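What's in structure.cif: mmCIF, C-alpha atoms and all ligand atoms
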```
data_entry
#
loop_
_atom_site.label_atom_id
_atom_site.label_comp_id
_atom_site.auth_asym_id
_atom_site.auth_seq_id
_atom_site.Cartn_x
_atom_site.Cartn_y
_atom_site.Cartn_z
CA MET A 10 113.69 116.60 111.21
CA LYS A 11 114.04 113.09 109.83
CA THR A 12 111.95 111.91 106.90
CA GLN A 13 109.57 108.96 107.24
CA LEU A 14 111.93 106.93 105.07
CA GLU A 15 114.97 107.84 107.14
CA SER A 16 113.14 106.93 110.36
CA ALA A 17 111.94 103.62 108.92
CA LEU A 18 115.48 102.72 107.80
CA GLU A 19 116.77 103.48 111.28
CA GLY A 20 114.08 101.31 112.81
CA SER A 21 112.24 104.22 114.46
CA ILE A 22 108.47 104.42 114.50
CA THR A 23 106.95 107.83 113.86
CA LYS A 24 103.53 109.01 115.01
CA GLU A 25 102.54 109.20 111.34
CA MET A 26 103.37 105.50 110.86
CA ALA A 27 101.29 104.67 113.95
CA TYR A 28 98.39 106.74 112.59
CA VAL A 29 98.48 105.03 109.18
CA SER A 30 98.77 101.59 110.81
CA ALA A 31 95.65 102.21 112.92
CA LYS A 32 93.69 103.83 110.09
CA GLU A 33 94.44 101.04 107.62
CA ASN A 34 94.24 98.27 110.20
CA VAL A 35 97.68 97.04 109.18
CA GLU A 36 100.55 95.96 111.47
CA LEU A 37 102.91 98.78 112.36
CA HIS A 38 106.00 96.80 111.40
CA PHE A 39 104.45 96.19 107.95
CA ILE A 40 104.09 99.96 107.45
CA ALA A 41 107.66 100.66 108.61
CA LYS A 42 109.05 97.87 106.43
CA GLY A 43 107.06 99.08 103.41
CA ILE A 44 108.41 102.61 103.85
CA SER A 45 111.98 101.40 104.31
CA GLU A 46 111.71 99.45 101.04
CA GLY A 47 110.14 102.39 99.17
CA LYS A 48 106.88 100.44 98.70
CA ILE A 49 104.80 102.70 100.95
CA VAL A 50 104.92 106.47 101.34
CA ILE A 51 103.35 108.69 103.94
CA MET A 52 102.18 112.10 102.79
CA THR A 53 102.13 114.68 105.55
CA ARG A 54 100.70 118.15 105.99
CA GLU A 55 101.32 120.29 109.04
CA HIS A 56 98.66 119.80 111.74
CA LYS A 57 96.62 117.53 109.44
CA PRO A 58 96.23 113.75 109.36
CA PRO A 59 98.92 111.87 107.42
CA LEU A 60 98.06 109.55 104.53
CA GLY A 61 99.65 106.22 103.66
CA ILE A 62 99.82 105.13 100.02
CA GLY A 63 101.22 101.91 98.66
CA LEU A 64 101.56 98.17 99.11
CA GLY A 65 98.92 96.54 101.30
CA LEU A 66 96.99 99.79 101.85
CA THR A 67 93.61 100.79 100.49
CA THR A 68 93.57 102.43 97.07
CA LYS A 69 93.64 106.21 97.33
CA VAL A 70 91.85 108.80 95.18
CA ASN A 71 93.21 112.12 93.95
CA ALA A 72 91.22 115.06 92.58
CA ASN A 73 92.89 117.61 90.31
CA ILE A 74 91.72 121.17 90.78
CA GLY A 75 92.98 124.58 89.76
CA THR A 76 92.55 127.18 87.05
CA SER A 77 93.75 126.64 83.48
CA SER A 78 93.71 129.84 81.44
CA TYR A 79 90.10 129.90 82.72
CA GLY A 80 88.66 129.57 86.19
CA GLU A 81 88.14 131.61 89.31
CA ILE A 82 89.60 131.38 92.79
CA LEU A 83 86.17 130.92 94.41
CA ASP A 84 85.23 128.04 92.11
CA GLU A 85 88.53 126.28 92.67
CA THR A 86 88.21 126.63 96.44
CA GLU A 87 84.68 125.24 96.33
CA LYS A 88 85.84 122.37 94.10
CA ALA A 89 88.54 121.56 96.65
CA ARG A 90 85.95 121.53 99.46
CA ILE A 91 83.56 119.33 97.44
CA ALA A 92 86.34 116.91 96.48
CA GLU A 93 87.32 116.48 100.13
CA ARG A 94 83.71 116.20 101.28
CA PHE A 95 82.98 113.38 98.82
CA GLY A 96 86.03 111.42 99.82
CA ALA A 97 89.08 112.46 97.80
CA ASP A 98 92.19 111.43 99.73
CA THR A 99 94.41 114.08 98.11
CA LEU A 100 94.14 117.19 95.98
CA CYS A 101 96.46 118.24 93.19
CA GLU A 102 96.42 122.03 92.88
CA MET A 103 97.32 122.81 89.27
CA SER A 104 96.41 126.47 88.78
CA MET A 105 97.85 128.26 85.75
CA SER A 106 96.02 131.61 85.86
CA GLY A 107 94.86 134.21 88.33
CA ASP A 108 96.76 134.82 91.53
CA ILE A 109 98.24 131.32 91.83
CA ASP A 110 99.86 131.94 95.23
CA LYS A 111 96.55 133.20 96.59
CA ILE A 112 94.59 130.23 95.17
CA ARG A 113 97.04 127.79 96.76
CA LYS A 114 96.86 129.62 100.08
CA LYS A 115 93.05 129.60 100.04
CA ILE A 116 92.94 125.88 99.23
CA PHE A 117 95.32 125.24 102.12
CA GLU A 118 92.99 127.17 104.42
CA GLU A 119 89.84 125.38 103.29
CA THR A 120 90.99 121.75 103.25
CA SER A 121 92.73 119.22 105.45
CA ILE A 122 93.88 116.49 103.04
CA PRO A 123 97.38 116.29 101.50
CA ILE A 124 98.03 118.74 98.66
CA THR A 125 100.25 118.05 95.66
CA THR A 126 101.39 120.71 93.18
CA VAL A 127 103.11 120.76 89.80
CA PRO A 128 105.63 123.62 90.28
CA ILE A 129 106.50 123.85 86.57
CA TYR A 130 102.93 125.08 85.92
CA GLN A 131 103.46 128.19 88.02
CA ALA A 132 106.94 128.62 86.58
CA LYS A 133 105.40 128.55 83.09
CA VAL A 134 102.93 131.29 83.97
CA GLU A 135 105.81 133.28 85.44
CA GLN A 136 107.71 133.18 82.14
CA VAL A 137 109.36 129.79 82.26
CA SER A 138 111.23 130.39 79.00
CA SER A 139 113.26 133.24 80.46
CA MET A 140 113.94 131.38 83.70
CA THR A 141 117.14 129.55 84.45
CA SER A 142 116.86 126.01 85.78
CA LYS A 143 117.91 127.36 89.20
CA GLU A 144 114.99 129.81 89.08
CA ILE A 145 112.60 126.97 88.23
CA LEU A 146 113.85 125.21 91.36
CA LYS A 147 112.99 128.38 93.32
CA THR A 148 109.32 127.81 92.44
CA LEU A 149 109.67 124.23 93.64
CA GLU A 150 111.28 125.49 96.85
CA LYS A 151 108.46 127.99 97.39
CA HIS A 152 105.82 125.24 97.17
CA VAL A 153 107.82 123.04 99.52
CA ASP A 154 108.23 125.86 102.04
CA GLU A 155 104.50 126.55 101.94
CA GLY A 156 103.88 122.99 103.10
CA VAL A 157 102.77 120.93 100.10
CA SER A 158 102.72 117.20 100.75
CA ALA A 159 104.03 116.15 97.34
CA VAL A 160 105.17 117.59 94.02
CA VAL A 161 104.92 116.22 90.50
CA LEU A 162 108.01 116.59 88.32
CA HIS A 163 108.09 115.39 84.71
CA THR A 164 111.27 113.67 83.64
CA ILE A 165 110.94 113.93 79.89
CA THR A 166 114.37 114.14 78.24
CA ARG A 167 115.33 115.85 74.96
CA ASP A 168 115.76 112.42 73.39
CA MET A 169 112.28 111.37 74.47
CA PHE A 170 110.80 114.60 73.13
CA SER A 171 112.46 114.30 69.77
CA SER A 172 111.44 110.61 69.52
CA VAL A 173 107.85 111.33 70.47
CA CYS A 174 107.60 114.02 67.77
CA LYS A 175 108.83 111.52 65.17
CA SER A 176 106.82 108.58 66.57
CA SER A 177 103.90 106.89 64.84
CA ARG A 178 101.63 107.73 67.79
CA ILE A 179 98.32 109.35 66.77
CA LEU A 180 98.45 111.63 69.81
CA LYS A 181 102.13 112.32 70.35
CA MET A 182 102.02 113.66 73.92
CA VAL A 183 99.01 114.57 76.09
CA SER A 184 100.77 115.49 79.32
CA LYS A 185 100.55 119.20 80.13
CA GLY A 186 103.43 118.97 82.62
CA GLY A 187 105.50 117.09 80.05
CA SER A 188 104.83 119.64 77.32
CA VAL A 189 105.55 122.64 79.58
CA THR A 190 108.82 121.05 80.73
CA ALA A 191 109.75 120.18 77.14
CA SER A 192 108.97 123.71 75.92
CA TRP A 193 111.48 125.13 78.43
CA MET A 194 114.08 122.58 77.31
CA ILE A 195 113.60 123.49 73.64
CA GLU A 196 113.65 127.24 74.19
CA ASN A 197 116.71 127.03 76.42
CA LYS A 198 118.50 124.36 74.35
CA SER A 199 118.88 122.52 77.60
CA GLU A 200 118.19 119.15 79.19
CA ASN A 201 115.41 118.52 81.72
CA PRO A 202 115.96 121.04 84.55
CA PHE A 203 114.84 118.59 87.23
CA ILE A 204 117.08 115.75 86.05
CA GLU A 205 120.08 118.02 85.55
CA ASN A 206 119.66 119.38 89.07
CA PHE A 207 118.33 116.21 90.63
CA ASP A 208 120.59 116.37 93.67
CA ASP A 209 119.37 119.90 94.41
CA VAL A 210 115.76 118.80 93.88
CA LEU A 211 116.26 116.02 96.42
CA LYS A 212 117.84 118.39 98.95
CA ILE A 213 114.81 120.69 98.67
CA LEU A 214 112.30 117.83 99.10
CA TYR A 215 114.27 116.17 101.88
CA ARG A 216 114.11 119.25 104.13
CA LYS A 217 110.31 118.97 104.52
CA ASP A 218 109.83 115.28 103.66
CA VAL A 219 107.85 116.17 100.55
CA VAL A 220 106.96 113.14 98.42
CA LEU A 221 108.37 113.17 94.89
CA CYS A 222 105.85 112.05 92.23
CA LEU A 223 107.69 111.16 89.04
CA GLY A 224 105.32 112.11 86.23
CA ASN A 225 103.97 110.09 83.33
CA ALA A 226 104.56 112.46 80.41
CA MET A 227 104.82 109.57 77.96
CA ARG A 228 101.38 108.12 78.72
CA SER A 229 99.27 107.27 75.71
CA GLY A 230 96.61 109.71 74.57
CA CYS A 231 94.33 107.20 72.86
CA VAL A 232 93.65 103.49 73.07
CA CYS A 233 95.22 102.91 69.64
CA ASP A 234 98.60 104.14 70.92
CA GLU A 235 99.86 101.08 72.75
CA MET A 236 102.76 100.91 75.20
CA ASP A 237 105.86 101.84 73.20
CA LYS A 238 109.58 102.22 73.74
CA LEU A 239 109.04 105.80 74.95
CA GLN A 240 106.80 104.71 77.80
CA ARG A 241 109.29 101.99 78.67
CA ALA A 242 112.19 104.48 78.57
CA GLU A 243 110.32 106.83 80.91
CA ALA A 244 109.41 103.99 83.29
CA LYS A 245 113.04 102.82 83.37
CA LEU A 246 114.34 106.35 83.95
CA ASN A 247 111.78 106.99 86.69
CA ALA A 248 112.74 103.71 88.35
CA GLU A 249 116.40 104.83 88.41
CA LEU A 250 115.49 108.30 89.72
CA ALA A 251 113.26 106.75 92.38
CA LYS A 252 116.13 104.60 93.58
CA LYS A 253 118.38 107.63 93.78
CA ALA A 254 115.70 109.63 95.61
CA ASN A 255 115.15 106.84 98.14
CA GLU A 256 118.92 106.71 98.73
CA ALA A 257 118.67 110.41 99.61
CA ASN A 258 115.83 109.54 102.02
CA VAL A 259 113.18 111.12 99.81
CA GLN A 260 109.91 109.20 99.42
CA VAL A 261 108.72 108.51 95.86
CA ILE A 262 105.51 107.76 93.99
CA ILE A 263 105.70 106.65 90.36
CA GLU A 264 103.10 107.83 87.90
CA GLY A 265 102.49 105.31 85.14
CA ALA A 266 100.00 103.24 83.15
CA GLY A 267 97.81 106.32 82.94
CA GLY A 268 95.97 107.92 80.06
CA HIS A 269 94.19 105.76 77.51
CA ILE A 270 94.81 102.01 77.54
CA SER A 271 92.96 99.27 75.74
CA ILE A 272 91.18 97.16 78.37
CA LYS A 273 93.07 93.99 77.49
CA ASN A 274 96.36 95.68 78.42
CA ILE A 275 95.56 97.48 81.69
CA LYS A 276 96.47 94.62 84.02
CA LYS A 277 99.63 93.82 82.04
CA TYR A 278 100.83 97.45 82.14
CA ILE A 279 100.17 97.82 85.87
CA LYS A 280 102.19 94.66 86.53
CA TYR A 281 104.97 96.01 84.28
CA TYR A 282 105.21 99.34 86.14
CA LYS A 283 105.10 97.68 89.55
CA LYS A 284 107.84 95.25 88.55
CA ILE A 285 110.20 97.72 86.87
CA THR A 286 109.90 100.21 89.73
CA GLY A 287 110.50 97.70 92.52
CA GLU A 288 106.86 97.83 93.64
CA ARG A 289 106.98 101.50 94.47
CA PRO A 290 103.58 103.18 94.98
CA LEU A 291 101.94 103.53 91.59
CA PHE A 292 99.75 106.51 90.73
CA VAL A 293 97.48 106.02 87.72
CA ALA A 294 95.46 108.68 85.87
CA GLY A 295 92.34 106.89 84.70
CA PRO A 296 93.11 104.82 82.69
CA LEU A 297 90.44 105.24 80.03
CA PRO A 298 89.73 101.98 78.17
CA THR A 299 87.75 103.71 75.40
CA ASP A 300 88.04 107.04 73.63
CA ILE A 301 84.38 107.47 72.69
CA ALA A 302 82.88 108.06 76.14
CA LEU A 303 82.99 111.81 75.58
CA GLY A 304 80.94 113.46 78.33
CA TYR A 305 81.06 110.21 80.32
CA ASP A 306 84.82 109.75 80.72
CA ASN A 307 84.34 109.44 84.49
CA ILE A 308 82.49 106.17 83.78
CA SER A 309 85.16 104.97 81.39
CA ALA A 310 87.83 105.82 83.99
CA CYS A 311 85.83 104.01 86.66
CA VAL A 312 86.03 100.83 84.57
CA GLY A 313 89.74 101.32 83.82
CA GLY A 314 90.55 102.41 87.37
CA SER A 315 88.78 99.37 88.87
CA ILE A 316 90.92 97.04 86.76
CA ALA A 317 94.07 99.05 87.50
CA SER A 318 93.43 99.08 91.24
CA ALA A 319 92.60 95.37 91.27
CA ALA A 320 95.88 94.71 89.42
CA GLY A 321 97.93 96.63 91.99
CA ALA A 322 97.66 100.38 91.32
CA ASP A 323 97.85 102.14 94.68
CA TYR A 324 96.53 105.58 93.90
CA LEU A 325 94.05 106.71 91.22
CA CYS A 326 93.57 110.14 89.74
CA TYR A 327 89.96 110.97 89.06
CA ILE A 328 88.61 111.80 85.63
CA THR A 329 85.52 114.01 85.44
CA PRO A 330 82.66 113.97 82.90
CA SER A 331 84.11 117.14 81.35
CA GLU A 332 87.48 115.51 80.56
CA HIS A 333 88.65 116.48 77.06
CA LEU A 334 85.85 119.09 76.92
CA SER A 335 86.17 121.83 79.54
CA LEU A 336 87.53 122.79 82.92
CA PRO A 337 85.38 120.77 85.34
CA ASN A 338 82.70 122.60 87.29
CA ILE A 339 81.72 121.77 90.85
CA ASP A 340 79.23 119.04 89.84
CA ASP A 341 81.85 117.48 87.55
CA VAL A 342 84.32 117.36 90.44
CA ARG A 343 81.76 115.59 92.64
CA GLU A 344 80.92 113.06 89.90
CA GLY A 345 84.62 112.52 89.19
CA VAL A 346 85.49 111.89 92.84
CA ILE A 347 82.58 109.49 93.38
CA SER A 348 83.34 107.57 90.17
CA CYS A 349 86.96 107.22 91.22
CA LYS A 350 85.97 106.18 94.76
CA ILE A 351 83.84 103.42 93.20
CA ALA A 352 86.85 102.27 91.14
CA ALA A 353 89.11 102.27 94.21
CA HIS A 354 86.50 100.37 96.23
CA ILE A 355 86.02 97.73 93.51
CA GLY A 356 89.80 97.34 93.19
CA ASP A 357 90.10 96.97 96.96
CA SER A 358 87.44 94.25 96.94
CA VAL A 359 89.85 92.24 94.78
CA LYS A 360 92.92 93.19 96.85
CA PHE A 361 91.34 92.60 100.26
CA GLY A 362 88.09 90.68 99.65
CA LEU A 363 84.51 91.94 99.86
CA SER A 364 84.01 94.76 102.32
CA GLU A 365 81.73 94.55 105.34
CA LYS A 366 79.84 97.51 103.88
CA ASP A 367 78.94 95.53 100.75
CA ILE A 368 77.72 92.61 102.83
CA LYS A 369 75.73 94.89 105.14
CA MET A 370 74.19 96.65 102.14
CA ALA A 371 72.82 93.32 100.88
CA TYR A 372 71.04 92.72 104.20
CA MET A 373 69.72 96.26 104.39
CA ARG A 374 68.44 95.98 100.83
CA LYS A 375 66.75 92.70 101.64
CA SER A 376 64.81 94.30 104.50
CA HIS A 377 64.16 97.62 102.71
CA LYS A 378 66.04 99.53 105.40
CA TRP A 379 66.55 102.64 103.35
CA GLU A 380 68.16 104.90 105.95
CA GLU A 381 70.87 102.30 106.52
CA GLN A 382 71.34 101.86 102.78
CA PHE A 383 71.82 105.61 102.34
CA LYS A 384 74.40 105.66 105.13
CA LEU A 385 76.34 102.86 103.44
CA ALA A 386 76.23 104.50 99.99
CA ILE A 387 79.54 105.66 98.54
CA ASP A 388 78.47 109.34 98.54
CA GLY A 389 76.73 109.20 101.93
CA GLY A 390 73.39 108.58 100.23
CA GLU A 391 72.80 112.10 98.91
CA LYS A 392 71.82 110.99 95.41
CA ALA A 393 70.02 107.82 96.53
CA GLU A 394 67.74 109.76 98.90
CA LYS A 395 66.51 111.88 96.01
CA TYR A 396 65.50 108.75 94.08
CA HIS A 397 63.66 107.18 97.02
CA PRO A 398 62.45 109.87 99.40
CA GLU A 399 59.66 107.68 100.85
CA ARG A 400 62.14 105.56 102.86
CA TYR A 401 59.81 102.58 103.33
CA GLY A 402 58.69 99.46 101.48
CA ALA A 403 59.65 98.45 97.97
CA CYS A 404 60.78 101.12 95.55
CA THR A 405 58.91 102.11 92.40
CA MET A 406 61.28 100.15 90.14
CA CYS A 407 59.02 97.07 90.42
CA GLY A 408 56.44 98.42 92.89
CA LYS A 409 54.05 95.70 94.05
CA TYR A 410 55.98 93.22 91.90
CA CYS A 411 59.09 93.64 94.06
CA ALA A 412 61.15 90.47 93.59
CA ILE A 413 62.72 90.75 97.04
CA ASP A 414 59.29 90.90 98.72
CA PHE A 415 57.98 88.06 96.56
CA ILE A 416 60.85 85.75 97.50
CA GLU A 417 60.80 86.75 101.17
CA ASN A 418 57.04 86.09 101.39
CA THR A 419 57.41 82.76 99.59
CA VAL A 420 60.26 81.65 101.87
CA ARG A 421 58.19 82.66 104.92
CA LYS A 422 55.18 80.67 103.67
CA LEU A 423 57.34 77.61 103.03
CA LYS A 424 58.79 77.86 106.52
CA ASN A 425 55.31 78.15 108.04
CA LYS A 426 54.14 75.09 106.10
CA LYS A 427 57.10 73.07 107.40
CA ILE A 428 56.38 74.12 110.98
CA LYS A 429 52.70 73.07 110.60
CA LYS A 430 53.75 69.66 109.25
S1 LIG A 501 61.01 97.04 93.85
FE1 LIG A 501 62.50 95.99 92.55
S2 LIG A 501 64.29 97.35 92.54
FE2 LIG A 501 62.98 98.05 94.21
S3 LIG A 501 63.69 96.97 96.02
FE3 LIG A 501 62.14 95.64 95.15
S4 LIG A 501 63.26 94.25 93.76
FE4 LIG A 501 64.62 95.96 94.24
#
```
The structure in this file should be written as structure tokens.
Ligand code: SF4
Amino acid sequence: MKTQLESALEGSITKEMAYVSAKENVELHFIAKGISEGKIVIMTREHKPPLGIGLGLTTKVNANIGTSSYGEILDETEKARIAERFGADTLCEMSMSGDIDKIRKKIFEETSIPITTVPIYQAKVEQVSSMTSKEILKTLEKHVDEGVSAVVLHTITRDMFSSVCKSSRILKMVSKGGSVTASWMIENKSENPFIENFDDVLKILYRKDVVLCLGNAMRSGCVCDEMDKLQRAEAKLNAELAKKANEANVQVIIEGAGGHISIKNIKKYIKYYKKITGERPLFVAGPLPTDIALGYDNISACVGGSIASAAGADYLCYITPSEHLSLPNIDDVREGVISCKIAAHIGDSVKFGLSEKDIKMAYMRKSHKWEEQFKLAIDGGEKAEKYHPERYGACTMCGKYCAIDFIENTVRKLKNKKIKK
């Protein structure tokens, strides 16, 4: 089997490229060219629709699910279903307790969108410290063989870890994948197992055309911690690894500009990551432009994600209202997905211009066509219907003082007067 990248480089068109081209309403040659240049990736999952991410395509939304040291298989499965139902484009299954293999299997059975995993999480639960780097790669291989669409690997080096510990950052490192990878490196007095065995990693991913997501372990954990030399070092390293992966016909997504970023810097950082990585697809967690929206971090991320998407981020990771507080519940997952969908949609309105849906909504609002408004709503109208169950006339916000009705009636009267004249 040839990978999407290999096919694109050979000038062959795959059925997945054709699917993405039709779905995104983008020329087929543009998709093939984007893949061949590493600027677009296609995530695949057996017998499920493929997904294009990258340059010139709509901004995609990811929902993280999975147990931490808390959580139940049934909840995580339901969260996965809810995330897909409310429009998540991908899921990242990150379980770290319970029967992880069983949770992953169940999520595969219950969903049809691409699934990403972070294999080091499962390796950690299965005693990462006593594992050799080859055994860690076995976990990666297992996920690949089970049919994941992408994997996240963190490329933190010993140098980066020692520098981050000595840095003046308030929050030294907030990446779980980065800290788990670093803990193995420290305990084993070794370098990063994925970088040291990068050729083997690429061989494993190449076999099933699994997309490599190069993690953002050095992201900032608060808005006070600005972009520093550690973030730049990670971006530079990931850019080099991405090049190497592409040369081995493995598709790559770069994670960067995530975490907490002061609003004035979001656009600048997105441009930096896109430039340094040769415009490879950029996956951004958040970013959160304020640290005080505790309990409302989905809203903060919606603001940050809108700016990031508008500036060129291709793929956003949702943040739920329970971020920094607890493992999200099912309602948090729904709120997180919808908030992130709003951010992606706003970003796309800058990338591609106002959507037909926005324009249609204005007309439907003008004529109080509530059913149509609900259908156009980002969540399918579920929440809106509860606020306005009557489905006719003006709403109770202004009642008989409805500004829309007042203007419409006035315009009608003026028109009638003109006709009479
Ligand atoms: S009543 Fe007010 S809020 Fe409701 S539709 Fe009319 S103008 Fe809009």
key: Counting all atoms listed in the file, the residue of A:Ser106, A:Ser364, A:Ser142, A:Ser184 that sits nearest Thr67 in chain A   =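 Closest residue, counting all atoms listed in the file: A:Ser364.
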Write out, as CSV, each residue of range 21-81 of chain A that has an atom at most 12 Å from range 277-287 of chain A, together with the closest pair of atoms and their distance in Å to one decimal, counting all atoms listed in the file, rows going by chain and rising number.
```
residue,atom,partner,partner_atom,distance
A:Gly43,CA,A:Gly287,CA,11.5
A:Glu46,CA,A:Gly287,CA,8.8
A:Gly47,CA,A:Gly287,CA,8.1
A:Lys48,CA,A:Gly287,CA,7.7
A:Ile49,CA,A:Gly287,CA,11.3
A:Gly63,CA,A:Lys283,CA,10.8
A:Leu64,CA,A:Lys283,CA,10.2
```
inquiry  = For range 192-209 of chain A, find every residue with an atom within 8 Å (counting all atoms listed in the file), except residues of its own chain fewer than 6 positions away, and show them as a PyMOL selection string.
reply    = chain A and resi 137-138+142+145-146+162-167
At a cut-off of 9 Å and counting all atoms listed in the file, what residues surround ligand LIG 501 (chain A)? Please answer as a PDB file with C-alpha atoms, in the coordinates of the input.
```pdb
ATOM      1  CA  ARG A 374      68.440  95.980 100.830  1.00  0.00           C
ATOM      2  CA  LYS A 375      66.750  92.700 101.640  1.00  0.00           C
ATOM      3  CA  SER A 376      64.810  94.300 104.500  1.00  0.00           C
ATOM      4  CA  HIS A 377      64.160  97.620 102.710  1.00  0.00           C
ATOM      5  CA  GLY A 402      58.690  99.460 101.480  1.00  0.00           C
ATOM      6  CA  ALA A 403      59.650  98.450  97.970  1.00  0.00           C
ATOM      7  CA  CYS A 404      60.780 101.120  95.550  1.00  0.00           C
ATOM      8  CA  THR A 405      58.910 102.110  92.400  1.00  0.00           C
ATOM      9  CA  MET A 406      61.280 100.150  90.140  1.00  0.00           C
ATOM     10  CA  CYS A 407      59.020  97.070  90.420  1.00  0.00           C
ATOM     11  CA  GLY A 408      56.440  98.420  92.890  1.00  0.00           C
ATOM     12  CA  LYS A 409      54.050  95.700  94.050  1.00  0.00           C
ATOM     13  CA  TYR A 410      55.980  93.220  91.900  1.00  0.00           C
ATOM     14  CA  CYS A 411      59.090  93.640  94.060  1.00  0.00           C
ATOM     15  CA  ALA A 412      61.150  90.470  93.590  1.00  0.00           C
ATOM     16  CA  ILE A 413      62.720  90.750  97.040  1.00  0.00           C
ATOM     17  CA  ASP A 414      59.290  90.900  98.720  1.00  0.00           C
ATOM     18  CA  PHE A 415      57.980  88.060  96.560  1.00  0.00           C
TER      19      PHE A 415
END
```
task = Mind checking which residues fall within 12 Å of Arg113 in chain A, counting only C-alpha atoms, ignoring those fewer than 6 positions away in the same chain, and posting them as an MDAnalysis selection string?
result = chainID A and resid 74:76 82:83 85:86 89 100:107 119:120 124:128 131 151:152 155:157
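Across the structure, CA of Gln382 in chain A and CA of Ile347 in chain A are spaced 16.5 Å apart.
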request  = Excluding Ser331 in chain A and any residue of its chain fewer than 5 positions from it, enumerate the residues within 7 Å of it, using all atoms listed in the file, and give them as a list in words.
outcome  = Gly304, Leu336, Pro337 and Asp341 of chain A
request  = Using only C-alpha atoms, find the one residue out of A:Ala72, A:Asn34, A:Ala159, A:Val153 that sits nearest to Arg94 in chain A.
outcome  =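 The shortest atom-to-atom distance to Arg94 in chain A comes from A:Ala72.
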ask   = Contacts of Lys69 in chain A at 8 Å or less, counting only C-alpha atoms, minus same-chain residues fewer than 4 places along, as a PyMOL selection string?
value = chain A and resi 62+97-99+323-325+353
remark   = Using all atoms listed in the file, the best pick from A:Ile51, A:Val293, A:Val189, A:Leu334 as closest to Ala320 in chain A would be A:Val293
Spatial neighbours of range 179-183 of chain A, max dist 7 Å, all atoms listed in the file, sep filter under 6 positions, as a PyMOL selection string = chain A and resi 173+227+230-231+234
key: Residue with smallest distance to Val359 in chain A - pool A:Ala319, A:Val35, A:Val219, A:Ile44, counting all atoms listed in the file   = A:Ala319
request  = Take CA of Glu380 in chain A and CA of Arg400 in chain A and report the distance between them in Å, one decimal.
outcome  = 6.8 Å
task = Name the closest residue to Lys42 in chain A among the candidates A:Gly345, A:Gly314, A:Gly20, A:Gly268; distances are taken between atoms, counting all atoms listed in the file.
result =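 Closest to Lys42 in chain A of all the choices is A:Gly20.
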Atom-to-atom span, CA of Ala254 in chain A and CA of Leu291 in chain A, Å = 15.6 Å
key: Using all atoms listed in the file: which of A:Met140, A:Ala257, A:Ile416, A:Leu66 has the shortest distance to Ala31 in chain A   = A:Leu66
If you take every atom of range 256-263 of chain A that the file lists and fit an axis-aligned box around them with 3 Å extra on each side, what centre and edge lengths come out in Å to one decimal, as AutoDock Vina command-line options?
```
--center_x 112.2 --center_y 108.9 --center_z 96.2 --size_x 19.4 --size_y 10.5 --size_z 17.7
```
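With distances taken from (96.9, 108.7, 111.1) and restricted to all atoms listed in the file, the residues inside 6 Å are Glu25, Tyr28, Val29, Lys32, Pro58 and Pro59 of chain A.
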Protein and nucleic acid residues near (76.8, 102.7, 97.4) (cut-off 12 Å, all atoms listed in the file) as a PyMOL selection string = chain A and resi 347-348+350-352+354-355+364+366-371+373-374+379+381-394
Can you sort out range 166-173 of chain A so it carries N, CA, C and O atoms, written as a JSON list (two decimals), in the frame of the given file?
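In the end it all went to selection25.json:
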```
[["chain", "number", "residue", "atom", "x", "y", "z"],
["A", 166, "THR", "N", 113.03, 113.71, 78.68],
["A", 166, "THR", "CA", 114.37, 114.14, 78.24],
["A", 166, "THR", "C", 114.27, 114.68, 76.81],
["A", 166, "THR", "O", 113.25, 114.49, 76.12],
["A", 167, "ARG", "N", 115.33, 115.32, 76.34],
["A", 167, "ARG", "CA", 115.33, 115.85, 74.96],
["A", 167, "ARG", "C", 115.19, 114.70, 73.96],
["A", 167, "ARG", "O", 114.50, 114.82, 72.96],
["A", 168, "ASP", "N", 115.85, 113.60, 74.26],
["A", 168, "ASP", "CA", 115.76, 112.42, 73.39],
["A", 168, "ASP", "C", 114.32, 111.93, 73.28],
["A", 168, "ASP", "O", 113.84, 111.62, 72.19],
["A", 169, "MET", "N", 113.68, 111.84, 74.45],
["A", 169, "MET", "CA", 112.28, 111.37, 74.47],
["A", 169, "MET", "C", 111.41, 112.32, 73.66],
["A", 169, "MET", "O", 110.56, 111.89, 72.88],
["A", 170, "PHE", "N", 111.64, 113.62, 73.83],
["A", 170, "PHE", "CA", 110.80, 114.60, 73.13],
["A", 170, "PHE", "C", 110.98, 114.49, 71.63],
["A", 170, "PHE", "O", 110.00, 114.48, 70.87],
["A", 171, "SER", "N", 112.24, 114.37, 71.22],
["A", 171, "SER", "CA", 112.46, 114.30, 69.77],
["A", 171, "SER", "C", 111.89, 112.99, 69.22],
["A", 171, "SER", "O", 111.28, 112.96, 68.15],
["A", 172, "SER", "N", 112.01, 111.90, 69.99],
["A", 172, "SER", "CA", 111.44, 110.61, 69.52],
["A", 172, "SER", "C", 109.92, 110.65, 69.47],
["A", 172, "SER", "O", 109.31, 110.09, 68.55],
["A", 173, "VAL", "N", 109.32, 111.32, 70.45],
["A", 173, "VAL", "CA", 107.85, 111.33, 70.47],
["A", 173, "VAL", "C", 107.32, 112.15, 69.29],
["A", 173, "VAL", "O", 106.29, 111.80, 68.69]]
```
